[in-house]
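Text of the file input11.cif, holding mmCIF, C-alpha atoms and all ligand atoms:
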```cif
data_entry
#
loop_
_atom_site.group_PDB
_atom_site.id
_atom_site.type_symbol
_atom_site.label_atom_id
_atom_site.label_comp_id
_atom_site.auth_asym_id
_atom_site.auth_seq_id
_atom_site.Cartn_x
_atom_site.Cartn_y
_atom_site.Cartn_z
ATOM 1 C CA MET L 1 0.000 0.000 0.000
ATOM 2 C CA ASP L 2 1.192 3.484 -0.836
ATOM 3 C CA LEU L 3 0.359 6.627 1.081
ATOM 4 C CA ILE L 4 0.422 10.357 0.355
ATOM 5 C CA LEU L 5 1.061 13.038 2.956
ATOM 6 C CA LEU L 6 -0.455 16.324 1.855
ATOM 7 C CA GLY L 7 -0.146 19.680 3.543
ATOM 8 C CA ALA L 8 1.292 23.146 3.140
ATOM 9 C CA PRO L 9 5.033 23.678 3.307
ATOM 10 C CA GLY L 10 5.930 23.618 7.003
ATOM 11 C CA ALA L 11 2.980 21.425 8.011
ATOM 12 C CA GLY L 12 5.337 18.669 9.176
ATOM 13 C CA LYS L 13 5.205 16.287 6.214
ATOM 14 C CA GLY L 14 8.976 15.745 6.238
ATOM 15 C CA THR L 15 9.117 14.937 9.942
ATOM 16 C CA GLN L 16 6.028 12.722 9.895
ATOM 17 C CA SER L 17 6.967 10.857 6.729
ATOM 18 C CA SER L 18 10.373 9.939 8.188
ATOM 19 C CA LEU L 19 8.811 8.730 11.446
ATOM 20 C CA LEU L 20 6.054 6.814 9.692
ATOM 21 C CA ALA L 21 8.392 5.222 7.174
ATOM 22 C CA GLU L 22 10.490 3.878 10.015
ATOM 23 C CA ARG L 23 7.506 2.795 12.093
ATOM 24 C CA LEU L 24 5.630 1.106 9.256
ATOM 25 C CA GLY L 25 8.607 -0.267 7.320
ATOM 26 C CA MET L 26 7.765 1.789 4.264
ATOM 27 C CA GLU L 27 9.990 3.886 1.986
ATOM 28 C CA LYS L 28 9.778 7.667 2.199
ATOM 29 C CA ILE L 29 9.805 9.292 -1.229
ATOM 30 C CA ALA L 30 10.309 13.039 -0.794
ATOM 31 C CA THR L 31 10.780 14.777 -4.130
ATOM 32 C CA GLY L 32 12.050 17.948 -2.394
ATOM 33 C CA ASP L 33 14.797 15.936 -0.632
ATOM 34 C CA ILE L 34 15.787 14.211 -3.885
ATOM 35 C CA LEU L 35 15.981 17.587 -5.639
ATOM 36 C CA ARG L 36 17.986 19.232 -2.831
ATOM 37 C CA ASP L 37 20.418 16.337 -2.896
ATOM 38 C CA ALA L 38 20.842 16.769 -6.673
ATOM 39 C CA VAL L 39 21.453 20.517 -6.190
ATOM 40 C CA ARG L 40 24.096 19.784 -3.535
ATOM 41 C CA ARG L 41 25.838 17.302 -5.770
ATOM 42 C CA GLY L 42 25.672 19.678 -8.745
ATOM 43 C CA THR L 43 24.129 17.091 -11.085
ATOM 44 C CA GLU L 44 22.309 17.981 -14.302
ATOM 45 C CA LEU L 45 19.005 17.496 -12.490
ATOM 46 C CA GLY L 46 20.149 19.804 -9.708
ATOM 47 C CA LEU L 47 21.183 22.513 -12.157
ATOM 48 C CA GLU L 48 17.827 22.277 -13.882
ATOM 49 C CA ALA L 49 15.831 22.433 -10.655
ATOM 50 C CA LYS L 50 17.709 25.018 -8.590
ATOM 51 C CA ALA L 51 16.261 28.255 -10.016
ATOM 52 C CA PHE L 52 12.679 26.998 -9.623
ATOM 53 C CA MET L 53 13.330 25.908 -6.057
ATOM 54 C CA ASP L 54 15.032 29.123 -5.007
ATOM 55 C CA ALA L 55 12.066 31.083 -6.359
ATOM 56 C CA GLY L 56 9.573 28.863 -4.524
ATOM 57 C CA GLU L 57 8.121 27.694 -7.856
ATOM 58 C CA LEU L 58 7.332 24.128 -8.840
ATOM 59 C CA VAL L 59 9.947 22.233 -10.838
ATOM 60 C CA PRO L 60 8.531 21.107 -14.235
ATOM 61 C CA ASP L 61 6.408 17.956 -14.047
ATOM 62 C CA ALA L 62 8.488 16.029 -16.590
ATOM 63 C CA VAL L 63 11.534 16.300 -14.323
ATOM 64 C CA ILE L 64 9.554 15.107 -11.304
ATOM 65 C CA PHE L 65 8.033 12.079 -13.094
ATOM 66 C CA GLY L 66 11.480 10.633 -13.817
ATOM 67 C CA LEU L 67 12.462 10.953 -10.166
ATOM 68 C CA VAL L 68 9.328 9.336 -8.856
ATOM 69 C CA LYS L 69 9.480 6.393 -11.258
ATOM 70 C CA SER L 70 13.003 5.541 -10.316
ATOM 71 C CA ALA L 71 12.376 5.978 -6.568
ATOM 72 C CA LEU L 72 9.327 3.708 -6.762
ATOM 73 C CA SER L 73 11.171 0.972 -8.616
ATOM 74 C CA ALA L 74 13.857 0.738 -5.920
ATOM 75 C CA PRO L 75 13.630 -2.519 -3.919
ATOM 76 C CA ALA L 76 13.201 -0.509 -0.690
ATOM 77 C CA ALA L 77 9.862 0.812 -1.973
ATOM 78 C CA GLU L 78 8.407 -2.634 -2.686
ATOM 79 C CA ALA L 79 6.611 -2.850 0.643
ATOM 80 C CA GLY L 80 5.026 0.570 0.199
ATOM 81 C CA ALA L 81 5.934 4.203 -0.274
ATOM 82 C CA ILE L 82 5.053 7.337 1.665
ATOM 83 C CA PHE L 83 5.017 10.323 -0.659
ATOM 84 C CA ASP L 84 6.065 13.633 0.836
ATOM 85 C CA GLY L 85 5.854 16.667 -1.460
ATOM 86 C CA PHE L 86 4.458 14.684 -4.383
ATOM 87 C CA PRO L 87 2.020 14.980 -6.080
ATOM 88 C CA ARG L 88 1.990 18.769 -6.081
ATOM 89 C CA ASN L 89 -0.708 19.419 -8.714
ATOM 90 C CA VAL L 90 -3.462 17.579 -10.595
ATOM 91 C CA PRO L 91 -1.309 16.490 -13.585
ATOM 92 C CA GLN L 92 1.167 14.928 -11.125
ATOM 93 C CA ALA L 93 -1.663 13.137 -9.328
ATOM 94 C CA GLN L 94 -2.928 11.760 -12.648
ATOM 95 C CA LYS L 95 0.554 10.624 -13.566
ATOM 96 C CA LEU L 96 0.990 8.937 -10.196
ATOM 97 C CA GLU L 97 -2.229 6.998 -10.769
ATOM 98 C CA GLU L 98 -0.866 5.845 -14.113
ATOM 99 C CA ILE L 99 2.516 4.821 -12.672
ATOM 100 C CA LEU L 100 0.928 2.933 -9.757
ATOM 101 C CA ASP L 101 -1.484 1.170 -12.125
ATOM 102 C CA GLU L 102 1.355 0.063 -14.382
ATOM 103 C CA MET L 103 3.189 -1.326 -11.360
ATOM 104 C CA GLY L 104 0.082 -3.039 -9.964
ATOM 105 C CA ARG L 105 0.181 -0.917 -6.813
ATOM 106 C CA THR L 106 -2.616 0.853 -4.967
ATOM 107 C CA LEU L 107 -2.911 4.161 -3.241
ATOM 108 C CA GLY L 108 -4.209 3.308 0.229
ATOM 109 C CA ALA L 109 -4.856 6.748 1.663
ATOM 110 C CA VAL L 110 -4.146 10.447 1.607
ATOM 111 C CA VAL L 111 -3.373 12.131 4.911
ATOM 112 C CA VAL L 112 -3.743 15.902 5.008
ATOM 113 C CA ILE L 113 -1.848 17.685 7.779
ATOM 114 C CA ASP L 114 -3.682 20.942 8.547
ATOM 115 C CA VAL L 115 -1.817 23.818 10.187
ATOM 116 C CA PRO L 116 -2.877 27.487 10.490
ATOM 117 C CA GLU L 117 -1.029 29.774 8.106
ATOM 118 C CA GLU L 118 0.698 32.055 10.662
ATOM 119 C CA MET L 119 2.128 28.996 12.368
ATOM 120 C CA LEU L 120 3.528 27.711 9.066
ATOM 121 C CA VAL L 121 5.569 30.856 8.521
ATOM 122 C CA ARG L 122 6.966 30.713 12.081
ATOM 123 C CA ARG L 123 7.798 27.056 11.752
ATOM 124 C CA MET L 124 9.641 27.378 8.492
ATOM 125 C CA SER L 125 11.880 30.200 9.621
ATOM 126 C CA GLY L 126 13.110 28.040 12.540
ATOM 127 C CA ARG L 127 13.446 24.887 10.491
ATOM 128 C CA ARG L 128 16.851 23.225 10.181
ATOM 129 C CA THR L 129 17.856 20.052 8.338
ATOM 130 C CA ASP L 130 20.634 17.589 9.008
ATOM 131 C CA PRO L 131 22.325 17.270 5.596
ATOM 132 C CA GLU L 132 23.621 13.786 6.443
ATOM 133 C CA THR L 133 20.350 12.113 7.395
ATOM 134 C CA GLY L 134 17.740 14.489 5.987
ATOM 135 C CA ASN L 135 16.119 14.654 9.442
ATOM 136 C CA VAL L 136 14.255 17.886 10.099
ATOM 137 C CA TYR L 137 14.412 19.896 13.353
ATOM 138 C CA HIS L 138 13.154 23.215 14.695
ATOM 139 C CA ILE L 139 15.401 25.490 16.707
ATOM 140 C CA GLU L 140 12.722 25.931 19.409
ATOM 141 C CA HIS L 141 10.229 23.064 19.209
ATOM 142 C CA ASN L 142 12.411 20.132 18.227
ATOM 143 C CA PRO L 143 16.069 21.122 18.608
ATOM 144 C CA PRO L 144 18.709 18.869 17.037
ATOM 145 C CA PRO L 145 20.727 16.676 19.458
ATOM 146 C CA ALA L 146 23.979 18.321 20.637
ATOM 147 C CA ASP L 147 26.225 16.091 18.515
ATOM 148 C CA ILE L 148 24.642 17.200 15.253
ATOM 149 C CA ALA L 149 23.641 20.769 16.183
ATOM 150 C CA GLY L 150 26.795 22.079 14.507
ATOM 151 C CA ARG L 151 26.004 20.648 11.106
ATOM 152 C CA VAL L 152 22.304 21.437 10.631
ATOM 153 C CA VAL L 153 21.485 23.931 7.868
ATOM 154 C CA GLN L 154 18.631 26.244 6.894
ATOM 155 C CA ARG L 155 17.059 25.689 3.485
ATOM 156 C CA ASP L 156 17.536 28.531 0.994
ATOM 157 C CA ASP L 157 13.801 28.543 0.286
ATOM 158 C CA ASP L 158 12.853 28.920 3.966
ATOM 159 C CA LEU L 159 13.411 32.680 3.827
ATOM 160 C CA GLU L 160 10.183 34.494 4.709
ATOM 161 C CA GLU L 161 9.386 36.021 1.322
ATOM 162 C CA THR L 162 9.923 32.718 -0.463
ATOM 163 C CA VAL L 163 7.895 30.931 2.194
ATOM 164 C CA ARG L 164 4.916 33.208 1.503
ATOM 165 C CA HIS L 165 5.171 32.527 -2.202
ATOM 166 C CA ARG L 166 5.389 28.773 -1.596
ATOM 167 C CA LEU L 167 2.192 28.994 0.452
ATOM 168 C CA GLN L 168 0.439 30.696 -2.476
ATOM 169 C CA VAL L 169 1.666 27.980 -4.833
ATOM 170 C CA TYR L 170 0.372 25.374 -2.370
ATOM 171 C CA ARG L 171 -3.078 26.933 -2.245
ATOM 172 C CA ALA L 172 -3.350 27.337 -6.011
ATOM 173 C CA ALA L 173 -1.784 24.099 -7.263
ATOM 174 C CA THR L 174 -1.705 21.519 -4.467
ATOM 175 C CA GLU L 175 -4.752 22.097 -2.263
ATOM 176 C CA PRO L 176 -7.147 21.138 -5.112
ATOM 177 C CA LEU L 177 -5.741 17.599 -4.777
ATOM 178 C CA ILE L 178 -7.857 17.156 -1.653
ATOM 179 C CA SER L 179 -11.068 17.240 -3.695
ATOM 180 C CA PHE L 180 -9.337 15.352 -6.522
ATOM 181 C CA TYR L 181 -8.755 12.397 -4.185
ATOM 182 C CA GLU L 182 -12.151 12.716 -2.517
ATOM 183 C CA SER L 183 -13.792 12.388 -5.936
ATOM 184 C CA ALA L 184 -11.492 9.492 -6.795
ATOM 185 C CA GLU L 185 -12.773 7.769 -3.652
ATOM 186 C CA VAL L 186 -9.361 7.390 -2.122
ATOM 187 C CA PRO L 187 -9.730 7.668 1.681
ATOM 188 C CA VAL L 188 -8.696 11.209 2.677
ATOM 189 C CA TYR L 189 -7.965 11.822 6.377
ATOM 190 C CA HIS L 190 -7.361 15.190 7.983
ATOM 191 C CA VAL L 191 -5.161 15.513 11.038
ATOM 192 C CA ARG L 192 -4.476 18.653 13.027
ATOM 193 C CA GLY L 193 -0.791 19.375 12.649
ATOM 194 C CA ASP L 194 -0.603 22.135 15.281
ATOM 195 C CA ARG L 195 0.092 19.580 18.014
ATOM 196 C CA SER L 196 3.105 17.606 19.191
ATOM 197 C CA ILE L 197 5.019 15.494 16.703
ATOM 198 C CA ASP L 198 4.219 12.315 18.690
ATOM 199 C CA LEU L 199 0.486 13.011 18.834
ATOM 200 C CA VAL L 200 0.295 13.688 15.107
ATOM 201 C CA ARG L 201 2.254 10.526 14.349
ATOM 202 C CA GLU L 202 0.080 8.343 16.578
ATOM 203 C CA GLU L 203 -3.072 9.759 15.071
ATOM 204 C CA ILE L 204 -1.859 8.998 11.561
ATOM 205 C CA VAL L 205 -0.824 5.452 12.526
ATOM 206 C CA GLY L 206 -4.306 4.929 14.015
ATOM 207 C CA LEU L 207 -6.055 6.276 10.937
ATOM 208 C CA ILE L 208 -4.255 4.198 8.398
ATOM 209 C CA GLY L 209 -4.888 1.141 10.491
ATOM 210 C CA ARG L 210 -1.512 -0.493 10.897
HETATM 211 P P1 LIG L 301 9.611 20.557 -0.458
HETATM 212 O O1 LIG L 301 10.839 20.098 0.245
HETATM 213 O O2 LIG L 301 8.640 19.461 -0.715
HETATM 214 O O3 LIG L 301 8.980 21.754 0.195
HETATM 215 O O4 LIG L 301 10.087 21.040 -1.917
HETATM 216 C C1 LIG L 301 10.995 22.108 -2.078
HETATM 217 C C2 LIG L 301 10.931 22.620 -3.497
HETATM 218 O O5 LIG L 301 11.275 21.580 -4.414
HETATM 219 C C3 LIG L 301 9.551 23.089 -3.952
HETATM 220 O O6 LIG L 301 9.294 24.436 -3.578
HETATM 221 C C4 LIG L 301 9.671 22.920 -5.454
HETATM 222 O O7 LIG L 301 10.457 23.945 -6.043
HETATM 223 C C5 LIG L 301 10.456 21.624 -5.567
HETATM 224 N N1 LIG L 301 9.582 20.430 -5.572
HETATM 225 C C6 LIG L 301 9.532 19.431 -4.652
HETATM 226 N N2 LIG L 301 8.642 18.501 -4.983
HETATM 227 C C7 LIG L 301 8.075 18.915 -6.146
HETATM 228 C C8 LIG L 301 7.065 18.395 -6.989
HETATM 229 N N3 LIG L 301 6.430 17.247 -6.706
HETATM 230 N N4 LIG L 301 6.750 19.098 -8.107
HETATM 231 C C9 LIG L 301 7.375 20.255 -8.413
HETATM 232 N N5 LIG L 301 8.321 20.805 -7.658
HETATM 233 C C10 LIG L 301 8.681 20.146 -6.527
#
```
Would you mind giving the structure from this file in structure tokens?
Amino acid sequence: MDLILLGAPGAGKGTQSSLLAERLGMEKIATGDILRDAVRRGTELGLEAKAFMDAGELVPDAVIFGLVKSALSAPAAEAGAIFDGFPRNVPQAQKLEEILDEMGRTLGAVVVIDVPEEMLVRRMSGRRTDPETGNVYHIEHNPPPADIAGRVVQRDDDLEETVRHRLQVYRAATEPLISFYESAEVPVYHVRGDRSIDLVREEIVGLIGR
């Protein structure tokens, strides 16, 4: 079974998808992480994606489809994938349906993490990532352990102006996926993401029934 985590930037998809992947023995597929890794390594993909990412715009769909296909065909994803940051618009959702169909896989559920907008902006400005593990922390609410505090970094696109633009892109392009999946009769669950990381995780585990 595959699962999608939906929610605005800063809603906690990265944190929750890592925790859930570990807990449920599934593979996290985070297109943003794959793209950031390509940017860091200076690959062709990274060069192509960087300007879009820095501007808070979506990277072209064709680029994303290649990434997702190869991530899904990895042996680690056989038992199930948790998508974080994909799909981001209706064409991507349609493509995902096609890819899953071809592979004989099914989308089990969509979990939407809801967080009030002002909280999203505050969260993102304090967000830090460990470049070695991809784990996400917050300088106040979830500080990194002392031994890695020196190496955590802030994402270039977590600057306030870019954050506001990313929220607009979310509302215009990604939020319509909620009704897309409701009409497709995929179970869509909403969880309140303005609570502790553990509570949100336990609620999601309960909802998806594993
Ligand atoms: P994220 O880490 O999911 O917030 O993604 C960071 C940035 O990577 C986004 O603002 C986009 O520029 C790009 N990105 C990540 N996933 C996608 C996607 N599925 N489609 C288009 N662009 C994406």
Per residue of chain L within 8 Å of ligand LIG 301 (chain L), record the nearest atom pair and its distance in Å to one decimal, counting only C-alpha atoms and all ligand atoms, with rows in chain order and ascending residue number, as JSON lines.
```
{"residue": "L:Pro9", "atom": "CA", "partner": "L:LIG301", "partner_atom": "O3", "distance": 5.4}
{"residue": "L:Gly10", "atom": "CA", "partner": "L:LIG301", "partner_atom": "O3", "distance": 7.7}
{"residue": "L:Gly14", "atom": "CA", "partner": "L:LIG301", "partner_atom": "O1", "distance": 7.6}
{"residue": "L:Ala30", "atom": "CA", "partner": "L:LIG301", "partner_atom": "O2", "distance": 6.6}
{"residue": "L:Thr31", "atom": "CA", "partner": "L:LIG301", "partner_atom": "N2", "distance": 4.4}
{"residue": "L:Gly32", "atom": "CA", "partner": "L:LIG301", "partner_atom": "O1", "distance": 3.6}
{"residue": "L:Asp33", "atom": "CA", "partner": "L:LIG301", "partner_atom": "O1", "distance": 5.8}
{"residue": "L:Leu35", "atom": "CA", "partner": "L:LIG301", "partner_atom": "O5", "distance": 6.3}
{"residue": "L:Arg36", "atom": "CA", "partner": "L:LIG301", "partner_atom": "O5", "distance": 7.3}
{"residue": "L:Ala49", "atom": "CA", "partner": "L:LIG301", "partner_atom": "O7", "distance": 7.2}
{"residue": "L:Lys50", "atom": "CA", "partner": "L:LIG301", "partner_atom": "O7", "distance": 7.8}
{"residue": "L:Phe52", "atom": "CA", "partner": "L:LIG301", "partner_atom": "O7", "distance": 5.2}
{"residue": "L:Met53", "atom": "CA", "partner": "L:LIG301", "partner_atom": "O7", "distance": 3.5}
{"residue": "L:Asp54", "atom": "CA", "partner": "L:LIG301", "partner_atom": "O7", "distance": 7.0}
{"residue": "L:Ala55", "atom": "CA", "partner": "L:LIG301", "partner_atom": "O7", "distance": 7.3}
{"residue": "L:Gly56", "atom": "CA", "partner": "L:LIG301", "partner_atom": "O6", "distance": 4.5}
{"residue": "L:Glu57", "atom": "CA", "partner": "L:LIG301", "partner_atom": "O7", "distance": 4.8}
{"residue": "L:Leu58", "atom": "CA", "partner": "L:LIG301", "partner_atom": "N5", "distance": 3.7}
{"residue": "L:Val59", "atom": "CA", "partner": "L:LIG301", "partner_atom": "N5", "distance": 3.8}
{"residue": "L:Pro60", "atom": "CA", "partner": "L:LIG301", "partner_atom": "C9", "distance": 6.0}
{"residue": "L:Asp61", "atom": "CA", "partner": "L:LIG301", "partner_atom": "N4", "distance": 6.1}
{"residue": "L:Ile64", "atom": "CA", "partner": "L:LIG301", "partner_atom": "N4", "distance": 5.8}
{"residue": "L:Asp84", "atom": "CA", "partner": "L:LIG301", "partner_atom": "O2", "distance": 6.6}
{"residue": "L:Gly85", "atom": "CA", "partner": "L:LIG301", "partner_atom": "O2", "distance": 4.0}
{"residue": "L:Phe86", "atom": "CA", "partner": "L:LIG301", "partner_atom": "N3", "distance": 4.0}
{"residue": "L:Pro87", "atom": "CA", "partner": "L:LIG301", "partner_atom": "N3", "distance": 5.0}
{"residue": "L:Arg88", "atom": "CA", "partner": "L:LIG301", "partner_atom": "N3", "distance": 4.7}
{"residue": "L:Asn89", "atom": "CA", "partner": "L:LIG301", "partner_atom": "N4", "distance": 7.5}
{"residue": "L:Gln92", "atom": "CA", "partner": "L:LIG301", "partner_atom": "N3", "distance": 7.3}
{"residue": "L:Asp157", "atom": "CA", "partner": "L:LIG301", "partner_atom": "O6", "distance": 7.2}
{"residue": "L:Arg166", "atom": "CA", "partner": "L:LIG301", "partner_atom": "O6", "distance": 6.2}
```
What are the closest atom pairs, with distances in Å to one decimal, for all residues of region 72-145 of chain L lying within 10 Å of region 184-207 of chain L? Consider only C-alpha atoms, order rows by chain and residue number, and present the result as a Markdown table.
```
| residue | atom | partner | partner_atom | distance |
| --- | --- | --- | --- | --- |
| L:Thr106 | CA | L:Val186 | CA | 9.8 |
| L:Leu107 | CA | L:Val186 | CA | 7.3 |
| L:Gly108 | CA | L:Val186 | CA | 7.0 |
| L:Ala109 | CA | L:Pro187 | CA | 5.0 |
| L:Val110 | CA | L:Val188 | CA | 4.7 |
| L:Val111 | CA | L:Tyr189 | CA | 4.8 |
| L:Val112 | CA | L:His190 | CA | 4.7 |
| L:Ile113 | CA | L:Val191 | CA | 5.1 |
| L:Asp114 | CA | L:Arg192 | CA | 5.1 |
| L:Val115 | CA | L:Gly193 | CA | 5.2 |
| L:Pro116 | CA | L:Asp194 | CA | 7.5 |
| L:Met119 | CA | L:Asp194 | CA | 7.9 |
| L:Leu120 | CA | L:Asp194 | CA | 9.3 |
| L:His141 | CA | L:Ser196 | CA | 9.0 |
| L:Asn142 | CA | L:Ile197 | CA | 8.9 |
```
If you keep C-alpha atoms, can you produce a file of those selected residues as a JSON list (two decimals), keeping the file's coordinate frame?
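Below you can see selection_38.json, which holds the result:
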```
[["chain", "number", "residue", "atom", "x", "y", "z"],
["L", 106, "THR", "CA", -2.62, 0.85, -4.97],
["L", 107, "LEU", "CA", -2.91, 4.16, -3.24],
["L", 108, "GLY", "CA", -4.21, 3.31, 0.23],
["L", 109, "ALA", "CA", -4.86, 6.75, 1.66],
["L", 110, "VAL", "CA", -4.15, 10.45, 1.61],
["L", 111, "VAL", "CA", -3.37, 12.13, 4.91],
["L", 112, "VAL", "CA", -3.74, 15.90, 5.01],
["L", 113, "ILE", "CA", -1.85, 17.68, 7.78],
["L", 114, "ASP", "CA", -3.68, 20.94, 8.55],
["L", 115, "VAL", "CA", -1.82, 23.82, 10.19],
["L", 116, "PRO", "CA", -2.88, 27.49, 10.49],
["L", 119, "MET", "CA", 2.13, 29.00, 12.37],
["L", 120, "LEU", "CA", 3.53, 27.71, 9.07],
["L", 141, "HIS", "CA", 10.23, 23.06, 19.21],
["L", 142, "ASN", "CA", 12.41, 20.13, 18.23]]
```
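Shortest atom-to-atom contact with Gln154 (chain L) among L:Pro91, L:Gly134, L:Gly209, L:Pro176: L:Gly134, counting only C-alpha atoms.
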With distances taken over all atoms listed in the file, which residue among L:Leu3, L:Glu132, L:Gln16, L:Thr162 lies nearest Ile148 (chain L)? L:Glu132
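The shell of residues at most 6 Å from Gly80 (chain L), with all atoms listed in the file counted and near chain neighbours (fewer than 5 positions) removed, consists of L:Met1, L:Asp2, L:Met26.
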Would you put the residues from that selection into a file with C-alpha atoms, as a compact mmCIF listing (two decimals), in the coordinates of the input?
```txt
# COMPACT_ATOMS: atom_id res chain seq x y z
CA MET L 1 0.00 0.00 0.00
CA ASP L 2 1.19 3.48 -0.84
CA MET L 26 7.76 1.79 4.26
```
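Residue nearest Gly104 (chain L) within the list L:Thr133, L:Ser73, L:Ser17, L:Thr43: L:Ser73 [criterion: smallest interatomic distance, all atoms listed in the file].
The two atoms in question, CA of Glu102 (chain L) and CA of Ala81 (chain L), are spaced 15.4 Å apart.
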Distance query region 123-128 of chain L at most 6 Å, all atoms listed in the file, self and fewer than 4 positions along chain excluded, as a VMD selection string: chain L and resid 10 136 to 139 152 to 154 158
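The interatomic distance for the pair CA of Leu47 (chain L) and CA of Ala21 (chain L) works out to 28.9 Å.
With all atoms listed in the file as the atoms that count, the residue of L:Val121, L:Leu20, L:Ile208, L:Ile99 with the shortest distance to Gly66 (chain L) is L:Ile99.
Put simply, CA of His165 (chain L) is 27.9 Å away from CA of Glu97 (chain L).
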Judged by only C-alpha atoms, the minimum distance to Gly25 (chain L) among L:Ile82, L:Met103, L:Val90, L:Ala146 is found for L:Ile82
Considering all atoms listed in the file, can you say which of L:Leu72, L:Ala93, L:Val39, L:Leu100 comes closest to Ala173 (chain L)? L:Ala93
Around region 132-145 of chain L, fit a box with edges along x, y and z, padding it by 6 Å on each side, then list its centre and edge lengths in Å to one decimal as JSON.
```
{"center_x": 16.9, "center_y": 19.0, "center_z": 12.7, "size_x": 25.4, "size_y": 25.8, "size_z": 25.5}
```
Restore N, CA and C atoms in region 134-154 of chain L and list the result as a PDB file, keeping the file's coordinate frame.
```
ATOM      1  N   GLY L 134      18.985  13.928   6.510  1.00  0.00           N
ATOM      2  CA  GLY L 134      17.740  14.489   5.987  1.00  0.00           C
ATOM      3  C   GLY L 134      16.721  14.752   7.091  1.00  0.00           C
ATOM      4  N   ASN L 135      17.072  14.418   8.343  1.00  0.00           N
ATOM      5  CA  ASN L 135      16.119  14.654   9.442  1.00  0.00           C
ATOM      6  C   ASN L 135      15.895  16.150   9.641  1.00  0.00           C
ATOM      7  N   VAL L 136      14.646  16.484   9.996  1.00  0.00           N
ATOM      8  CA  VAL L 136      14.255  17.886  10.099  1.00  0.00           C
ATOM      9  C   VAL L 136      14.035  18.261  11.564  1.00  0.00           C
ATOM     10  N   TYR L 137      14.549  19.420  11.961  1.00  0.00           N
ATOM     11  CA  TYR L 137      14.412  19.896  13.353  1.00  0.00           C
ATOM     12  C   TYR L 137      13.854  21.312  13.347  1.00  0.00           C
ATOM     13  N   HIS L 138      13.543  21.815  14.561  1.00  0.00           N
ATOM     14  CA  HIS L 138      13.154  23.215  14.695  1.00  0.00           C
ATOM     15  C   HIS L 138      13.936  23.782  15.865  1.00  0.00           C
ATOM     16  N   ILE L 139      14.503  24.968  15.667  1.00  0.00           N
ATOM     17  CA  ILE L 139      15.401  25.490  16.707  1.00  0.00           C
ATOM     18  C   ILE L 139      14.723  25.617  18.071  1.00  0.00           C
ATOM     19  N   GLU L 140      13.401  25.842  18.108  1.00  0.00           N
ATOM     20  CA  GLU L 140      12.722  25.931  19.409  1.00  0.00           C
ATOM     21  C   GLU L 140      11.984  24.650  19.782  1.00  0.00           C
ATOM     22  N   HIS L 141      11.169  24.131  18.829  1.00  0.00           N
ATOM     23  CA  HIS L 141      10.229  23.064  19.209  1.00  0.00           C
ATOM     24  C   HIS L 141      10.801  21.658  19.142  1.00  0.00           C
ATOM     25  N   ASN L 142      11.870  21.486  18.396  1.00  0.00           N
ATOM     26  CA  ASN L 142      12.411  20.132  18.227  1.00  0.00           C
ATOM     27  C   ASN L 142      13.892  20.273  17.919  1.00  0.00           C
ATOM     28  N   PRO L 143      14.670  20.794  18.900  1.00  0.00           N
ATOM     29  CA  PRO L 143      16.069  21.122  18.608  1.00  0.00           C
ATOM     30  C   PRO L 143      16.896  19.883  18.280  1.00  0.00           C
ATOM     31  N   PRO L 144      17.871  20.025  17.394  1.00  0.00           N
ATOM     32  CA  PRO L 144      18.709  18.869  17.037  1.00  0.00           C
ATOM     33  C   PRO L 144      19.550  18.445  18.246  1.00  0.00           C
ATOM     34  N   PRO L 145      19.858  17.136  18.376  1.00  0.00           N
ATOM     35  CA  PRO L 145      20.727  16.676  19.458  1.00  0.00           C
ATOM     36  C   PRO L 145      22.087  17.395  19.389  1.00  0.00           C
ATOM     37  N   ALA L 146      22.741  17.532  20.556  1.00  0.00           N
ATOM     38  CA  ALA L 146      23.979  18.321  20.637  1.00  0.00           C
ATOM     39  C   ALA L 146      25.028  17.878  19.613  1.00  0.00           C
ATOM     40  N   ASP L 147      25.139  16.552  19.384  1.00  0.00           N
ATOM     41  CA  ASP L 147      26.225  16.091  18.515  1.00  0.00           C
ATOM     42  C   ASP L 147      26.023  16.446  17.042  1.00  0.00           C
ATOM     43  N   ILE L 148      24.817  16.823  16.664  1.00  0.00           N
ATOM     44  CA  ILE L 148      24.642  17.200  15.253  1.00  0.00           C
ATOM     45  C   ILE L 148      24.253  18.674  15.083  1.00  0.00           C
ATOM     46  N   ALA L 149      24.112  19.373  16.243  1.00  0.00           N
ATOM     47  CA  ALA L 149      23.641  20.769  16.183  1.00  0.00           C
ATOM     48  C   ALA L 149      24.559  21.627  15.310  1.00  0.00           C
ATOM     49  N   GLY L 150      25.846  21.269  15.264  1.00  0.00           N
ATOM     50  CA  GLY L 150      26.795  22.079  14.507  1.00  0.00           C
ATOM     51  C   GLY L 150      26.681  21.912  13.005  1.00  0.00           C
ATOM     52  N   ARG L 151      26.013  20.871  12.553  1.00  0.00           N
ATOM     53  CA  ARG L 151      26.004  20.648  11.106  1.00  0.00           C
ATOM     54  C   ARG L 151      24.640  20.880  10.448  1.00  0.00           C
ATOM     55  N   VAL L 152      23.616  21.223  11.250  1.00  0.00           N
ATOM     56  CA  VAL L 152      22.304  21.437  10.631  1.00  0.00           C
ATOM     57  C   VAL L 152      22.297  22.731   9.827  1.00  0.00           C
ATOM     58  N   VAL L 153      21.495  22.767   8.759  1.00  0.00           N
ATOM     59  CA  VAL L 153      21.485  23.931   7.868  1.00  0.00           C
ATOM     60  C   VAL L 153      20.045  24.409   7.635  1.00  0.00           C
ATOM     61  N   GLN L 154      19.940  25.689   7.260  1.00  0.00           N
ATOM     62  CA  GLN L 154      18.631  26.244   6.894  1.00  0.00           C
ATOM     63  C   GLN L 154      18.486  26.142   5.390  1.00  0.00           C
TER      64      GLN L 154
END
```
